[in-house]
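The data block below is input_31.txt; it holds compact mmCIF, C-alpha atoms.
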# COMPACT_ATOMS: atom_id res chain seq x y z
CA MET A 1 13.55 5.40 -11.46
CA ALA A 2 17.21 4.63 -10.72
CA ALA A 3 18.25 5.41 -14.28
CA LEU A 4 16.37 8.69 -14.39
CA LYS A 5 17.72 9.78 -11.04
CA ARG A 6 21.29 9.04 -12.16
CA ARG A 7 20.71 11.44 -15.05
CA GLY A 8 20.15 14.17 -12.50
CA LEU A 9 16.36 14.17 -12.70
CA THR A 10 14.18 14.48 -9.61
CA VAL A 11 11.65 11.65 -9.81
CA ALA A 12 8.21 11.75 -8.17
CA PRO A 13 7.19 8.09 -7.67
CA PHE A 14 3.67 6.65 -7.50
CA LYS A 15 2.01 3.25 -7.30
CA VAL A 16 -1.42 2.33 -8.65
CA GLY A 17 -3.49 0.17 -6.36
CA PRO A 18 -3.45 -0.91 -2.71
CA ASP A 19 0.22 -1.68 -2.22
CA PHE A 20 2.61 -0.94 0.65
CA ILE A 21 5.80 -2.73 -0.39
CA ASP A 22 6.55 -1.22 -3.81
CA PRO A 23 6.21 2.38 -2.57
CA GLY A 24 8.84 1.65 0.07
CA HIS A 25 11.33 0.63 -2.61
CA HIS A 26 10.39 3.67 -4.72
CA THR A 27 11.02 5.99 -1.78
CA LYS A 28 14.39 4.40 -1.09
CA LEU A 29 15.51 4.81 -4.70
CA THR A 30 14.23 8.32 -5.37
CA GLY A 31 14.46 9.98 -1.97
CA ARG A 32 10.84 11.14 -2.36
CA ILE A 33 7.73 9.64 -0.78
CA SER A 34 5.90 7.31 -3.16
CA ARG A 35 2.13 7.67 -3.03
CA ASN A 36 -0.71 5.34 -3.90
CA LEU A 37 -3.24 6.28 -6.57
CA ASP A 38 -6.40 4.18 -6.80
CA GLY A 39 -9.45 4.67 -9.01
CA TRP A 40 -11.73 2.48 -6.90
CA MET A 41 -10.69 3.15 -3.31
CA LEU A 42 -10.23 6.89 -3.75
CA PRO A 43 -12.38 9.62 -5.33
CA GLU A 44 -11.25 11.05 -8.66
CA GLU A 45 -10.63 14.49 -7.16
CA TYR A 46 -8.53 13.03 -4.35
CA ASN A 47 -6.30 11.14 -6.83
CA TRP A 48 -5.85 14.21 -8.99
CA LYS A 49 -4.97 16.55 -6.11
CA ASN A 50 -2.69 13.92 -4.58
CA PHE A 51 -0.81 13.63 -7.86
CA GLN A 52 -0.59 17.40 -8.34
CA ARG A 53 0.84 18.15 -4.91
CA SER A 54 3.27 15.22 -5.08
CA VAL A 55 4.91 16.27 -8.37
CA ALA A 56 5.82 19.70 -7.02
CA GLY A 57 9.56 20.23 -7.44
CA ALA A 58 10.00 17.10 -9.58
CA ASP A 59 11.28 16.74 -13.14
CA MET A 60 9.59 13.42 -13.84
CA ALA A 61 6.59 11.48 -12.57
CA VAL A 62 6.87 7.70 -12.76
CA VAL A 63 3.75 5.69 -11.91
CA GLU A 64 4.11 1.95 -11.44
CA GLY A 65 0.97 0.12 -12.53
CA VAL A 66 -0.91 -2.71 -10.87
CA MET A 67 -1.43 -6.20 -12.37
CA GLY A 68 -2.19 -6.03 -16.11
CA LEU A 69 -2.82 -2.66 -17.72
CA TYR A 70 -6.60 -3.07 -17.84
CA ASP A 71 -7.06 -5.17 -14.69
CA GLY A 72 -8.94 -3.61 -11.80
CA TYR A 73 -11.96 -3.98 -9.56
CA ASP A 74 -13.84 -6.38 -11.86
CA GLY A 75 -14.14 -7.48 -15.47
CA LYS A 76 -16.95 -5.06 -16.31
CA SER A 77 -15.27 -1.71 -15.82
CA GLU A 78 -11.89 0.02 -15.73
CA ALA A 79 -12.30 0.96 -12.05
CA GLY A 80 -9.04 0.53 -10.13
CA SER A 81 -6.97 -0.19 -13.25
CA THR A 82 -3.71 1.34 -14.39
CA ALA A 83 -5.41 2.40 -17.63
CA GLN A 84 -8.05 4.36 -15.72
CA MET A 85 -5.41 6.20 -13.71
CA ALA A 86 -3.27 6.95 -16.78
CA LYS A 87 -6.23 8.66 -18.41
CA LEU A 88 -7.25 10.49 -15.24
CA ILE A 89 -3.87 12.13 -14.72
CA GLY A 90 -3.06 12.41 -18.43
CA LEU A 91 0.10 10.31 -18.66
CA PRO A 92 1.18 7.96 -21.49
CA VAL A 93 1.80 4.28 -20.76
CA VAL A 94 5.02 2.35 -21.18
CA LEU A 95 3.75 -1.17 -21.89
CA VAL A 96 6.01 -3.85 -20.40
CA VAL A 97 5.61 -7.28 -22.00
CA ASP A 98 7.07 -10.47 -20.61
CA ALA A 99 8.22 -11.96 -23.91
CA ALA A 100 9.81 -15.17 -22.62
CA SER A 101 9.33 -17.89 -25.25
CA MET A 102 7.34 -15.47 -27.40
CA ALA A 103 7.97 -14.62 -31.04
CA ARG A 104 5.73 -12.94 -33.65
CA SER A 105 2.70 -13.38 -31.39
CA ALA A 106 4.10 -10.50 -29.36
CA ALA A 107 2.94 -8.13 -32.12
CA ALA A 108 -0.61 -9.43 -31.84
CA LEU A 109 -0.51 -8.99 -28.07
CA VAL A 110 0.81 -5.43 -28.28
CA GLN A 111 -1.70 -4.60 -31.00
CA GLY A 112 -4.52 -5.82 -28.78
CA PHE A 113 -3.42 -3.66 -25.86
CA GLU A 114 -2.98 -0.68 -28.16
CA ASN A 115 -6.47 -0.93 -29.65
CA PHE A 116 -8.44 -2.03 -26.60
CA ASP A 117 -8.99 1.53 -25.37
CA PRO A 118 -8.60 4.25 -28.03
CA ASP A 119 -8.49 6.97 -25.34
CA LEU A 120 -5.25 5.63 -23.86
CA GLN A 121 -1.88 7.01 -24.96
CA PHE A 122 1.24 4.85 -25.24
CA ALA A 123 4.83 6.02 -25.07
CA GLY A 124 6.13 2.66 -26.27
CA VAL A 125 6.72 -0.96 -25.36
CA ILE A 126 9.61 -2.58 -23.50
CA PHE A 127 10.07 -6.33 -23.80
CA ASN A 128 11.23 -8.14 -20.67
CA ASN A 129 12.74 -11.53 -19.88
CA LEU A 130 14.37 -11.96 -23.30
CA GLY A 131 16.70 -14.79 -24.21
CA SER A 132 19.11 -12.83 -26.42
CA ALA A 133 19.67 -9.72 -28.53
CA GLY A 134 18.48 -11.74 -31.50
CA HIS A 135 15.23 -12.41 -29.69
CA LEU A 136 14.67 -8.66 -29.34
CA GLN A 137 15.35 -8.10 -33.03
CA TYR A 138 12.77 -10.76 -33.92
CA LEU A 139 10.17 -9.04 -31.76
CA THR A 140 11.02 -5.60 -33.09
CA ASP A 141 10.64 -6.82 -36.67
CA ALA A 142 7.24 -8.26 -35.79
CA LEU A 143 6.00 -4.86 -34.63
CA VAL A 144 6.78 -3.12 -37.93
CA GLU A 145 3.56 -2.17 -39.77
CA ASN A 146 1.51 -3.97 -37.12
CA VAL A 147 1.50 -1.49 -34.21
CA ARG A 148 1.83 2.26 -33.81
CA MET A 149 3.87 2.43 -30.59
CA PRO A 150 7.65 2.09 -30.90
CA CYS A 151 9.78 -0.52 -29.19
CA LEU A 152 11.88 1.26 -26.56
CA GLY A 153 14.09 -1.71 -25.83
CA GLY A 154 14.30 -5.17 -24.38
CA ILE A 155 15.75 -6.49 -21.13
CA LEU A 156 17.55 -9.80 -21.14
CA ARG A 157 16.68 -12.44 -18.57
CA ASN A 158 18.63 -11.57 -15.41
CA ASN A 159 17.87 -13.20 -12.09
CA GLN A 160 20.52 -11.09 -10.36
CA VAL A 161 18.20 -8.06 -10.20
CA ALA A 162 15.19 -9.90 -8.83
CA ILE A 163 13.84 -8.79 -5.45
CA PRO A 164 13.08 -11.75 -3.16
CA GLU A 165 9.42 -12.62 -2.56
CA ARG A 166 7.36 -14.22 0.18
CA HIS A 167 3.69 -14.97 0.75
CA LEU A 168 2.52 -11.31 0.70
CA GLY A 169 4.72 -10.34 -2.25
CA LEU A 170 8.17 -8.76 -2.40
CA VAL A 171 10.15 -8.47 0.78
CA THR A 172 9.94 -4.99 2.26
CA GLU A 173 12.41 -2.14 2.01
CA GLU A 174 13.13 -2.65 5.71
CA GLU A 175 14.58 -6.10 4.92
CA HIS A 176 15.85 -5.84 1.33
CA ILE A 177 17.76 -2.59 1.27
CA LEU A 178 18.26 -1.09 -2.18
CA THR A 179 21.87 -0.09 -1.70
CA ALA A 180 23.75 2.41 -3.83
CA GLU A 181 25.44 -0.54 -5.52
CA ARG A 182 22.08 -2.16 -6.34
CA ALA A 183 20.70 1.17 -7.62
CA THR A 184 23.73 1.47 -9.92
CA GLN A 185 23.15 -2.08 -11.14
CA LEU A 186 19.51 -1.31 -11.95
CA ALA A 187 20.39 1.95 -13.69
CA ASP A 188 23.09 0.20 -15.76
CA LEU A 189 20.56 -2.43 -16.82
CA ILE A 190 18.10 0.19 -18.08
CA GLU A 191 20.70 2.39 -19.77
CA THR A 192 22.10 -0.64 -21.59
CA HIS A 193 18.84 -2.15 -22.80
CA VAL A 194 16.29 0.72 -22.98
CA ASP A 195 16.44 3.81 -25.20
CA ILE A 196 15.86 6.36 -22.45
CA ASN A 197 16.48 9.30 -24.78
CA ARG A 198 13.77 8.14 -27.16
CA LEU A 199 11.37 7.68 -24.25
CA LEU A 200 12.04 11.16 -22.90
CA ASN A 201 11.65 12.71 -26.35
CA ARG A 202 8.19 11.16 -26.68
CA LEU A 203 6.91 12.66 -23.42
CA GLU A 204 5.02 15.92 -23.18
CA VAL A 205 6.09 18.62 -20.76
CA HIS A 206 3.38 19.57 -18.28
CA PRO A 207 3.40 22.66 -16.04
CA VAL A 208 3.43 21.82 -12.35
CA PRO A 209 0.50 23.52 -10.60
CA THR A 210 0.77 25.10 -7.20
CA VAL A 211 -1.38 23.24 -4.70
CA ALA A 212 -1.97 24.62 -1.22
CA GLU A 213 -1.16 22.18 1.55
CA PRO A 214 -4.08 21.47 3.91
CA ALA A 215 -3.90 23.25 7.22
CA GLY A 216 -3.12 21.12 10.24
CA GLY A 217 -5.33 20.80 13.29
CA ARG A 218 -5.53 24.03 15.26
CA ASP A 219 -6.01 22.38 18.63
CA ALA A 220 -3.09 21.12 20.69
CA ARG A 221 -1.77 18.04 18.95
CA VAL A 222 -2.49 14.60 20.33
CA ARG A 223 0.35 12.07 20.47
CA ILE A 224 -0.34 9.02 18.32
CA GLY A 225 2.03 6.09 18.67
CA VAL A 226 2.60 4.38 15.30
CA ALA A 227 4.19 0.92 15.33
CA ARG A 228 7.00 0.97 12.75
CA ASP A 229 9.54 -1.82 12.35
CA LYS A 230 10.09 -4.99 10.33
CA ALA A 231 6.90 -6.54 11.76
CA PHE A 232 4.63 -3.52 11.20
CA CYS A 233 5.43 -1.52 8.10
CA PHE A 234 2.26 -1.40 5.96
CA TYR A 235 1.01 2.19 6.09
CA TYR A 236 -0.36 4.54 3.48
CA GLN A 237 1.60 7.76 3.82
CA ASP A 238 -1.67 9.56 3.16
CA ASN A 239 -3.22 7.97 6.26
CA LEU A 240 -0.45 9.31 8.46
CA GLU A 241 -0.66 12.76 6.89
CA LEU A 242 -4.44 12.90 7.20
CA LEU A 243 -4.04 12.11 10.90
CA GLU A 244 -1.46 14.90 11.17
CA ASN A 245 -3.74 17.31 9.34
CA ALA A 246 -6.47 16.45 11.86
CA GLY A 247 -4.15 17.31 14.74
CA ALA A 248 -1.90 14.33 15.42
CA LYS A 249 1.76 14.26 16.32
CA ILE A 250 3.08 10.94 15.03
CA VAL A 251 5.44 9.18 17.43
CA GLN A 252 7.01 6.02 16.02
CA PHE A 253 7.93 3.04 18.16
CA SER A 254 8.88 -0.61 17.68
CA PRO A 255 6.90 -3.44 19.30
CA VAL A 256 9.82 -5.68 18.28
CA ASP A 257 12.73 -3.71 19.76
CA ASP A 258 11.39 -1.20 22.28
CA PRO A 259 10.72 -2.39 25.84
CA HIS A 260 8.24 0.43 26.49
CA LEU A 261 5.73 2.60 24.69
CA PRO A 262 6.56 6.27 24.16
CA PRO A 263 5.29 8.39 27.06
CA ASP A 264 2.01 10.35 27.18
CA LEU A 265 0.28 8.70 24.24
CA ASP A 266 -3.29 9.64 23.36
CA GLY A 267 -3.76 6.88 20.77
CA LEU A 268 -2.14 3.93 18.99
CA TYR A 269 -2.07 2.95 15.31
CA LEU A 270 -0.87 -0.58 14.53
CA GLY A 271 -0.58 -1.18 10.79
CA GLY A 272 -0.10 -4.38 8.85
CA GLY A 273 3.09 -6.26 8.11
CA TYR A 274 4.66 -9.57 9.05
CA PRO A 275 4.11 -10.19 12.79
CA GLU A 276 4.29 -13.94 12.13
CA LEU A 277 7.96 -13.60 11.14
CA SER A 278 8.76 -11.87 14.43
CA ALA A 279 6.27 -13.77 16.56
CA ARG A 280 8.82 -15.08 19.06
CA THR A 281 10.42 -11.66 19.58
CA LEU A 282 7.04 -9.94 19.86
CA SER A 283 5.90 -12.53 22.38
CA GLU A 284 9.06 -12.30 24.47
CA ASN A 285 8.70 -8.51 24.70
CA THR A 286 6.33 -8.90 27.64
CA SER A 287 6.68 -5.32 28.88
CA MET A 288 5.42 -3.96 25.56
CA ARG A 289 2.58 -6.48 25.39
CA SER A 290 1.51 -5.69 28.93
CA ALA A 291 1.63 -1.93 28.38
CA ILE A 292 -0.60 -2.10 25.29
CA GLN A 293 -3.10 -4.40 26.99
CA THR A 294 -3.28 -2.18 30.08
CA LEU A 295 -3.83 1.01 28.12
CA SER A 296 -6.38 -0.69 25.89
CA ARG A 297 -8.40 -1.70 28.95
CA GLN A 298 -8.10 1.83 30.32
CA GLY A 299 -9.78 3.21 27.19
CA LEU A 300 -6.83 4.36 25.07
CA PRO A 301 -8.02 4.61 21.43
CA VAL A 302 -6.22 1.87 19.50
CA TYR A 303 -6.70 1.27 15.78
CA ALA A 304 -5.19 -1.87 14.24
CA GLU A 305 -5.44 -3.52 10.85
CA CYS A 306 -4.35 -6.93 9.56
CA GLY A 307 -0.93 -7.66 11.12
CA GLY A 308 -1.60 -5.12 13.85
CA PHE A 309 -4.94 -6.82 14.52
CA MET A 310 -3.17 -10.18 14.84
CA TYR A 311 -0.80 -8.63 17.41
CA LEU A 312 -3.79 -7.50 19.46
CA CYS A 313 -5.13 -11.05 19.64
CA ALA A 314 -4.48 -13.41 22.55
CA ALA A 315 -2.10 -15.60 20.56
CA LEU A 316 -0.58 -16.16 17.13
CA THR A 317 0.14 -19.61 15.71
CA ASP A 318 2.75 -19.84 12.95
CA LEU A 319 2.95 -22.30 10.05
CA GLN A 320 4.91 -24.77 12.19
CA GLY A 321 2.06 -24.89 14.71
CA ARG A 322 3.94 -22.94 17.38
CA GLU A 323 1.69 -20.67 19.41
CA TYR A 324 2.98 -17.37 20.79
CA PRO A 325 1.13 -15.18 23.30
CA MET A 326 0.33 -11.69 21.97
CA THR A 327 -1.16 -8.64 23.71
CA GLY A 328 -4.57 -10.13 24.51
CA CYS A 329 -6.59 -6.99 23.79
CA PHE A 330 -8.96 -9.30 21.90
CA PRO A 331 -9.71 -12.86 23.06
CA PHE A 332 -9.15 -14.28 19.57
CA ARG A 333 -6.37 -16.51 18.33
CA ALA A 334 -4.80 -15.86 14.94
CA ARG A 335 -3.47 -18.78 12.92
CA MET A 336 -1.30 -18.64 9.81
CA SER A 337 -2.26 -20.63 6.72
CA GLU A 338 -0.26 -21.93 3.77
CA ARG A 339 -2.87 -20.59 1.38
CA LEU A 340 -4.18 -17.14 0.64
CA LEU A 341 -7.40 -16.60 2.60
CA ALA A 342 -8.46 -13.14 1.44
CA LEU A 343 -7.54 -10.78 -1.39
CA GLY A 344 -9.43 -7.86 -2.84
CA TYR A 345 -11.13 -4.54 -2.39
CA ARG A 346 -13.51 -3.98 0.51
CA GLU A 347 -16.17 -1.39 1.24
CA VAL A 348 -16.79 -1.01 4.96
CA THR A 349 -20.00 0.43 6.39
CA LEU A 350 -19.77 1.05 10.12
CA ALA A 351 -22.52 -1.04 11.72
CA HIS A 352 -22.02 0.58 15.15
CA ASP A 353 -20.44 3.75 16.49
CA THR A 354 -16.65 3.30 16.58
CA ILE A 355 -13.47 5.28 17.18
CA LEU A 356 -13.46 6.02 13.42
CA GLY A 357 -16.99 7.38 13.21
CA ASN A 358 -20.63 6.73 13.80
CA ALA A 359 -22.79 3.97 12.35
CA GLY A 360 -23.43 4.40 8.65
CA LEU A 361 -20.05 5.90 7.73
CA VAL A 362 -18.58 4.28 4.59
CA ILE A 363 -14.81 3.73 4.14
CA ARG A 364 -13.01 1.81 1.42
CA GLY A 365 -9.93 -0.39 1.61
CA HIS A 366 -8.62 -3.85 0.80
CA GLU A 367 -7.65 -7.18 2.36
CA PHE A 368 -4.67 -9.43 1.70
CA HIS A 369 -3.80 -12.06 4.30
CA TYR A 370 -2.81 -15.65 4.91
CA SER A 371 -4.17 -15.89 8.44
CA ALA A 372 -7.54 -16.23 10.12
CA ILE A 373 -8.87 -15.70 13.61
CA ASP A 374 -10.51 -18.37 15.73
CA HIS A 375 -14.20 -17.57 15.39
CA ASN A 376 -15.11 -19.85 18.30
CA THR A 377 -14.16 -17.04 20.67
CA THR A 378 -15.98 -14.17 18.96
CA SER A 379 -19.55 -14.88 19.99
CA ASN A 380 -19.58 -12.37 22.86
CA ILE A 381 -18.05 -9.49 20.84
CA ASP A 382 -20.15 -7.65 18.31
CA THR A 383 -18.75 -7.00 14.87
CA VAL A 384 -18.73 -3.31 14.02
CA TYR A 385 -18.12 -3.51 10.25
CA ALA A 386 -20.52 -4.53 7.50
CA VAL A 387 -18.09 -5.45 4.72
CA THR A 388 -18.93 -5.72 1.02
CA LYS A 389 -16.52 -7.74 -1.09
CA ARG A 390 -15.79 -7.24 -4.76
CA ALA A 391 -18.63 -8.21 -7.11
CA SER A 392 -20.94 -8.96 -4.18
CA SER A 393 -23.80 -7.03 -2.63
CA GLN A 394 -23.79 -9.24 0.46
CA LYS A 395 -22.47 -7.47 3.54
CA LEU A 396 -20.27 -9.67 5.71
CA ALA A 397 -19.34 -9.18 9.34
CA GLY A 398 -15.88 -7.85 10.11
CA GLY A 399 -14.12 -5.54 12.50
CA PHE A 400 -14.25 -5.73 16.29
CA GLN A 401 -14.16 -3.09 18.99
CA VAL A 402 -13.54 -3.65 22.70
CA ASN A 403 -13.47 -0.48 24.81
CA ARG A 404 -11.83 1.92 22.33
CA THR A 405 -9.71 -0.73 20.64
CA LEU A 406 -10.73 -1.40 17.03
CA GLY A 407 -9.22 -4.22 14.97
CA SER A 408 -9.90 -5.66 11.53
CA TYR A 409 -8.21 -7.44 8.65
CA THR A 410 -9.18 -4.58 6.30
CA HIS A 411 -6.54 -2.00 5.40
CA LEU A 412 -8.55 1.22 5.21
CA HIS A 413 -7.48 4.21 3.16
CA PHE A 414 -8.56 7.34 5.01
CA GLY A 415 -8.45 9.23 1.71
CA SER A 416 -11.72 7.48 0.85
CA CYS A 417 -13.29 9.10 3.93
CA PRO A 418 -11.11 11.75 5.64
CA ALA A 419 -13.77 12.09 8.34
CA ALA A 420 -12.54 8.76 9.75
CA ALA A 421 -9.10 10.23 10.47
CA SER A 422 -10.68 13.30 12.07
CA GLU A 423 -12.98 11.21 14.26
CA PHE A 424 -10.07 9.06 15.45
CA ILE A 425 -8.19 12.20 16.49
CA ASN A 426 -11.33 13.55 18.21
CA THR A 427 -11.58 10.29 20.16
CA CYS A 428 -7.93 10.63 21.16
CA ARG A 429 -8.57 14.18 22.38
CA LYS A 430 -11.48 12.92 24.47
CA TYR A 431 -9.25 10.26 26.00
CA ARG A 432 -6.55 12.83 26.79
CA HIS A 433 -9.12 15.05 28.51
CA GLU A 434 -10.35 12.11 30.57
CA ARG A 435 -6.78 11.20 31.51
CA ASN A 436 -5.95 14.74 32.56
CA GLN A 437 -9.10 14.93 34.68
CA ALA A 438 -8.37 11.69 36.47

With the file now loaded, output its structure as structure tokens.
Amino acid sequence: MAALKRRGLTVAPFKVGPDFIDPGHHTKLTGRISRNLDGWMLPEEYNWKNFQRSVAGADMAVVEGVMGLYDGYDGKSEAGSTAQMAKLIGLPVVLVVDAASMARSAAALVQGFENFDPDLQFAGVIFNNLGSAGHLQYLTDALVENVRMPCLGGILRNNQVAIPERHLGLVTEEEHILTAERATQLADLIETHVDINRLLNRLEVHPVPTVAEPAGGRDARVRIGVARDKAFCFYYQDNLELLENAGAKIVQFSPVDDPHLPPDLDGLYLGGGYPELSARTLSENTSMRSAIQTLSRQGLPVYAECGGFMYLCAALTDLQGREYPMTGCFPFRARMSERLLALGYREVTLAHDTILGNAGLVIRGHEFHYSAIDHNTTSNIDTVYAVTKRASSQKLAGGFQVNRTLGSYTHLHFGSCPAAASEFINTCRKYRHERNQA
């Protein structure tokens, strides 16, 4: 993306799969919002329209894949895979192969990927993590007469361009800023080791369709406070826009830095992130904690997922065993773990009426977390989600609502069920009416 932008091209960035961190880096580099495409969470028509409207005004679309090319929801189908999305939107694949310590076997690997799905188009292969220019020549020779796709280049091992990681993946754009200097470094790396001209010459030119933007809510807009800082930064841009289309005015605030909530709020949206890394600061911001708890008890609609859900608990315990008081909207205690406790797609069926819709509504999303709540304190609060995990028909309990405060570990994508965004806004309008009548 950095190399293409430096050539004067406007790049429309995308990410396959349920990811919040990579799109943030894409947006920083390209200056355009990076959007998630997902063949399991989202309907085919939604993905296609989302892609069409997002490429308007762009010269290039670059879609970062997820996991391996054919990896997705399960081992039986292509659902949720990069390959599925490439075919849906009609784009060729640049296969990236980590060729560290690999020689002629690389040709067999590339040949296998090339032949696995005859309906998939390939623009070429780029080898990564190479030991030397000689290593690349060896690999290129191995491809001759064995594969159809060309080798577009090879990138030498270079730890200087690595983005730091932590337990949930790469550090976020809010913490690891891709400066102009770093963008230049990345672009230099690609220009030096990848034949960009050959890649561009192999791509087809597609006309950009005109897609009408959805009309926003006609009623007076409700003010939705969205927590946005280094602790809470996991949001699908689509979720925010679907709320706006339903009639929301998004008002950002920081539970870390702001002493008070924005005035005259009709609802709150607390996304995921890393509250455990800011636990002390969040805890010491007592005015913010108190304000959220008070409004929650007064019936303000509050939707929270994963990290936001942890913030709504009574306390959060970090990996060193230090416990920090949180907002107390829920009586639970969240505790961090050294190991991954949940990862994968989730299908949520509302078991009770909630601020997102009535019982029976189905919404899709995913979970990815290293913490758990203390279930000893949940016996007097009904779960409002029936959650189906990947490759399982068993519906598990999940999601809690007290008053109009709903919290869960599941990151929902409202694109899977836009009615959920509309119902949340309707609930916020009801709250505003009640407040004005008081």

Check: Looking at A:Ser287, A:Gln160, A:Asn47, A:Thr27, which one is nearest to Ser416 in chain A, with distances taken over all atoms listed in the file?
Finding: A:Asn47

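Minimum atom-to-atom distance to Ser278 in chain A, evaluated using all atoms listed in the file, belongs to A:Met326 out of A:Met326, A:Val194, A:Val302, A:Ile89.
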
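Ranking A:Gly365, A:Met1, A:Thr405, A:Asp74 by their shortest atom-to-atom distance to Asp38 in chain A, with only C-alpha atoms included, puts A:Gly365 first.
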
Check: If you count only C-alpha atoms, which residues fall within 9 Å of Thr10 in chain A, apart from same-chain ones fewer than 2 positions away, as a ChimeraX atom specification?
Finding: /A:4-5,8,12,30-32,57-61

Check: Any idea what's packed within 9 Å of range 306-313 of chain A, counting only C-alpha atoms, ignoring anything in its chain fewer than 5 positions away? Could you give it as a count of residues only?
Finding: 40

Just the residues within 9 Å of range 132-140 of chain A, please, counting all atoms listed in the file, with nothing from its chain fewer than 4 positions along; format it as an mmCIF file with C-alpha atoms, in the coordinates of the input.
data_model
loop_
_atom_site.group_PDB
_atom_site.id
_atom_site.type_symbol
_atom_site.label_atom_id
_atom_site.label_comp_id
_atom_site.auth_asym_id
_atom_site.auth_seq_id
_atom_site.Cartn_x
_atom_site.Cartn_y
_atom_site.Cartn_z
ATOM 1 C CA ALA A 99 8.220 -11.960 -23.910
ATOM 2 C CA MET A 102 7.340 -15.470 -27.400
ATOM 3 C CA ALA A 103 7.970 -14.620 -31.040
ATOM 4 C CA ARG A 104 5.730 -12.940 -33.650
ATOM 5 C CA SER A 105 2.700 -13.380 -31.390
ATOM 6 C CA ALA A 106 4.100 -10.500 -29.360
ATOM 7 C CA ALA A 107 2.940 -8.130 -32.120
ATOM 8 C CA PHE A 127 10.070 -6.330 -23.800
ATOM 9 C CA VAL A 144 6.780 -3.120 -37.930
ATOM 10 C CA PRO A 150 7.650 2.090 -30.900
ATOM 11 C CA CYS A 151 9.780 -0.520 -29.190
ATOM 12 C CA GLY A 153 14.090 -1.710 -25.830
ATOM 13 C CA GLY A 154 14.300 -5.170 -24.380
ATOM 14 C CA ILE A 155 15.750 -6.490 -21.130
ATOM 15 C CA LEU A 156 17.550 -9.800 -21.140
ATOM 16 C CA ARG A 157 16.680 -12.440 -18.570
#

Notebook entry, point to check: Quick one: residues within 12 Å of Leu300 in chain A, all atoms listed in the file counted, chain neighbours fewer than 2 positions away excluded, as a VMD selection string?
Noted result: chain A and resid 223 to 225 264 to 269 291 to 298 302 to 303 329 355 402 to 406 424 to 425 427 to 435
